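> Next up, start-v4.pdb (PDB, C-alpha atoms and all ligand atoms).
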```pdb
ATOM      1  CA  MET B1083     103.705  31.412 139.318  1.00  0.00           C
ATOM      2  CA  PRO B1084     103.971  31.976 143.062  1.00  0.00           C
ATOM      3  CA  ALA B1085     102.100  29.474 145.156  1.00  0.00           C
ATOM      4  CA  ASP B1086      99.844  32.118 146.626  1.00  0.00           C
ATOM      5  CA  GLU B1087      98.605  33.193 143.216  1.00  0.00           C
ATOM      6  CA  VAL B1088      95.902  31.614 141.176  1.00  0.00           C
ATOM      7  CA  THR B1089      95.087  31.962 137.521  1.00  0.00           C
ATOM      8  CA  VAL B1090      91.617  33.290 136.931  1.00  0.00           C
ATOM      9  CA  ALA B1091      89.970  32.659 133.619  1.00  0.00           C
ATOM     10  CA  GLN B1092      87.605  35.248 132.253  1.00  0.00           C
ATOM     11  CA  LEU B1093      84.835  33.551 130.380  1.00  0.00           C
ATOM     12  CA  CYS B1094      82.160  34.923 128.151  1.00  0.00           C
ATOM     13  CA  GLY B1095      78.886  34.741 130.024  1.00  0.00           C
ATOM     14  CA  LYS B1096      77.059  34.161 126.795  1.00  0.00           C
ATOM     15  CA  CYS B1097      78.974  31.481 124.892  1.00  0.00           C
ATOM     16  CA  GLY B1098      81.276  30.328 127.679  1.00  0.00           C
ATOM     17  CA  SER B1099      84.498  30.667 125.737  1.00  0.00           C
ATOM     18  CA  GLN B1100      87.614  31.797 127.548  1.00  0.00           C
ATOM     19  CA  VAL B1101      88.341  35.393 126.742  1.00  0.00           C
ATOM     20  CA  SER B1102      91.471  35.905 128.810  1.00  0.00           C
ATOM     21  CA  THR B1103      93.223  34.930 131.974  1.00  0.00           C
ATOM     22  CA  PHE B1104      94.996  36.826 134.692  1.00  0.00           C
ATOM     23  CA  SER B1105      96.857  35.958 137.838  1.00  0.00           C
ATOM     24  CA  VAL B1106      95.751  37.258 141.185  1.00  0.00           C
ATOM     25  CA  LYS B1107      96.739  36.646 144.756  1.00  0.00           C
ATOM     26  CA  LYS B1108      94.450  34.260 146.522  1.00  0.00           C
ATOM     27  CA  ASP B1109      93.778  36.933 149.114  1.00  0.00           C
ATOM     28  CA  ASN B1110      92.432  39.215 146.426  1.00  0.00           C
ATOM     29  CA  LEU B1111      90.548  36.549 144.582  1.00  0.00           C
ATOM     30  CA  MET B1112      87.192  37.761 143.381  1.00  0.00           C
ATOM     31  CA  LEU B1113      85.234  35.379 141.261  1.00  0.00           C
ATOM     32  CA  THR B1114      82.107  37.452 141.270  1.00  0.00           C
ATOM     33  CA  SER B1115      82.115  40.149 138.682  1.00  0.00           C
ATOM     34  CA  THR B1116      79.537  42.465 137.247  1.00  0.00           C
ATOM     35  CA  ASP B1117      81.885  43.684 134.563  1.00  0.00           C
ATOM     36  CA  GLN B1118      81.284  43.232 130.922  1.00  0.00           C
ATOM     37  CA  THR B1119      83.965  41.820 128.715  1.00  0.00           C
ATOM     38  CA  TRP B1120      84.403  41.912 124.976  1.00  0.00           C
ATOM     39  CA  CYS B1121      83.886  38.502 123.465  1.00  0.00           C
ATOM     40  CA  PRO B1122      85.424  38.020 120.021  1.00  0.00           C
ATOM     41  CA  HIS B1123      83.089  35.109 119.386  1.00  0.00           C
ATOM     42  CA  CYS B1124      79.874  36.925 120.182  1.00  0.00           C
ATOM     43  CA  GLN B1125      81.242  40.181 118.793  1.00  0.00           C
ATOM     44  CA  GLU B1126      79.730  42.079 121.655  1.00  0.00           C
ATOM     45  CA  ASP B1127      80.205  42.929 125.291  1.00  0.00           C
ATOM     46  CA  THR B1128      78.899  40.117 127.417  1.00  0.00           C
ATOM     47  CA  PRO B1129      78.649  39.602 131.177  1.00  0.00           C
ATOM     48  CA  GLU B1130      81.989  38.409 132.429  1.00  0.00           C
ATOM     49  CA  VAL B1131      82.179  35.085 134.197  1.00  0.00           C
ATOM     50  CA  ARG B1132      85.241  34.237 136.212  1.00  0.00           C
ATOM     51  CA  ASP B1133      86.538  30.892 137.253  1.00  0.00           C
ATOM     52  CA  ILE B1134      89.802  29.501 138.475  1.00  0.00           C
ATOM     53  CA  ALA B1135      91.679  28.234 135.456  1.00  0.00           C
ATOM     54  CA  GLY B1136      93.427  25.485 137.356  1.00  0.00           C
ATOM     55  CA  ARG B1137      90.131  24.289 138.686  1.00  0.00           C
ATOM     56  CA  LEU B1138      88.737  23.992 135.205  1.00  0.00           C
ATOM     57  CA  GLU B1139      91.687  21.901 134.147  1.00  0.00           C
ATOM     58  CA  SER B1140      91.473  19.694 137.182  1.00  0.00           C
ATOM     59  CA  ILE B1141      87.796  19.133 136.513  1.00  0.00           C
ATOM     60  CA  LYS B1142      88.613  18.256 132.934  1.00  0.00           C
ATOM     61  CA  ARG B1143      91.269  15.830 134.074  1.00  0.00           C
ATOM     62  CA  ALA B1144      88.873  14.288 136.551  1.00  0.00           C
ATOM     63  CA  VAL B1145      86.297  13.778 133.844  1.00  0.00           C
ATOM     64  CA  GLU B1146      88.851  12.215 131.535  1.00  0.00           C
ATOM     65  CA  SER B1147      90.025   9.898 134.263  1.00  0.00           C
ATOM     66  CA  TYR B1148      86.584   8.514 134.847  1.00  0.00           C
ATOM     67  CA  PRO B1149      86.410   4.873 133.940  1.00  0.00           C
ATOM     68  CA  LYS B1150      84.652   4.277 130.702  1.00  0.00           C
ATOM     69  CA  ALA B1151      81.111   3.118 130.939  1.00  0.00           C
ATOM     70  CA  VAL B1152      81.092  -0.626 131.089  1.00  0.00           C
ATOM     71  CA  PRO B1153      77.908  -2.432 130.172  1.00  0.00           C
ATOM     72  CA  ALA B1154      76.535  -4.209 133.128  1.00  0.00           C
ATOM     73  CA  THR B1155      77.264  -7.867 132.919  1.00  0.00           C
ATOM     74  CA  PRO B1156      75.339 -10.394 134.946  1.00  0.00           C
ATOM     75  CA  PRO B1157      77.375 -12.051 137.644  1.00  0.00           C
ATOM     76  CA  GLN B1158      79.015 -15.122 136.354  1.00  0.00           C
ATOM     77  CA  SER B1159      77.023 -18.092 137.408  1.00  0.00           C
ATOM     78  CA  SER B1160      79.264 -20.550 139.072  1.00  0.00           C
ATOM     79  CA  PRO B1161      79.101 -24.011 137.588  1.00  0.00           C
ATOM     80  CA  ASP B1162      76.846 -26.299 139.473  1.00  0.00           C
ATOM     81  CA  ARG B1163      78.709 -28.354 141.967  1.00  0.00           C
ATOM     82  CA  ARG B1164      78.285 -32.007 141.421  1.00  0.00           C
ATOM     83  CA  ALA B1165      76.570 -33.670 144.271  1.00  0.00           C
ATOM     84  CA  THR B1166      78.758 -36.191 145.867  1.00  0.00           C
TER
HETATM   85 ZN    ZN L   1      80.847  34.877 123.706  1.00  0.00          ZN
END
```
As structure tokens - that is how I would like this structure written.

Amino acid sequence: MPADEVTVAQLCGKCGSQVSTFSVKKDNLMLTSTDQTWCPHCQEDTPEVRDIAGRLESIKRAVESYPKAVPATPPQSSPDRRAT
């Protein structure tokens, strides 16, 4: 895919599933759409939602790369120093 093109994912505005994707030049990128698209999951025409496919994947990767939740542990108390 040329560097000046982006992959746009068409999502179902009702259930959020990806219906299809298409490539478009960045200059012509239009993420706002009032079109309706046929969703095989909803079995009806639903408002089309567009998003950049690569962005979705990068978000997913970012979420997966988050460190796992670690239970807060109290700071280790240093052993008392013996008075000299
Ligand atoms: Zn749907």
> May I ask you to write as a list in words all residues lying at most 10 Å from ligand ZN 1 (chain L), with all atoms listed in the file counted?
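Written in the requested form, the residues are Leu1093, Cys1094, Gly1095, Lys1096, Cys1097, Gly1098, Ser1099, Gln1100, Val1101, Thr1119, Trp1120, Cys1121, Pro1122, His1123, Cys1124, Gln1125, Glu1126, Asp1127, Thr1128, Pro1129 and Glu1130 of chain B.
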> Take CA of Lys1107 in chain B and CA of Asp1086 in chain B and report the distance between them in Å, one decimal.
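The value is 5.8 Å.
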> I'd like the residues picked by the PyMOL selection byres (((chain B and resi 1111-1116) around 9) and not hetatm) written out as a ChimeraX atom specification, using the chain letters and numbers from the file.
/B:1087-1088,1090,1106-1110,1117-1118,1129-1134
> Separation of CA of Ala1091 in chain B and CA of Glu1146 in chain B, in Å?
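CA of Glu1146 in chain B lies 20.6 Å from CA of Ala1091 in chain B.
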> Assuming 4 Å of padding per side, give the centre and edge lengths of the axis-aligned box around every listed atom of range 1146-1165 of chain B, in Å to one decimal and as JSON.

```
{"center_x": 82.7, "center_y": -10.7, "center_z": 137.2, "size_x": 22.7, "size_y": 53.9, "size_z": 22.1}
```
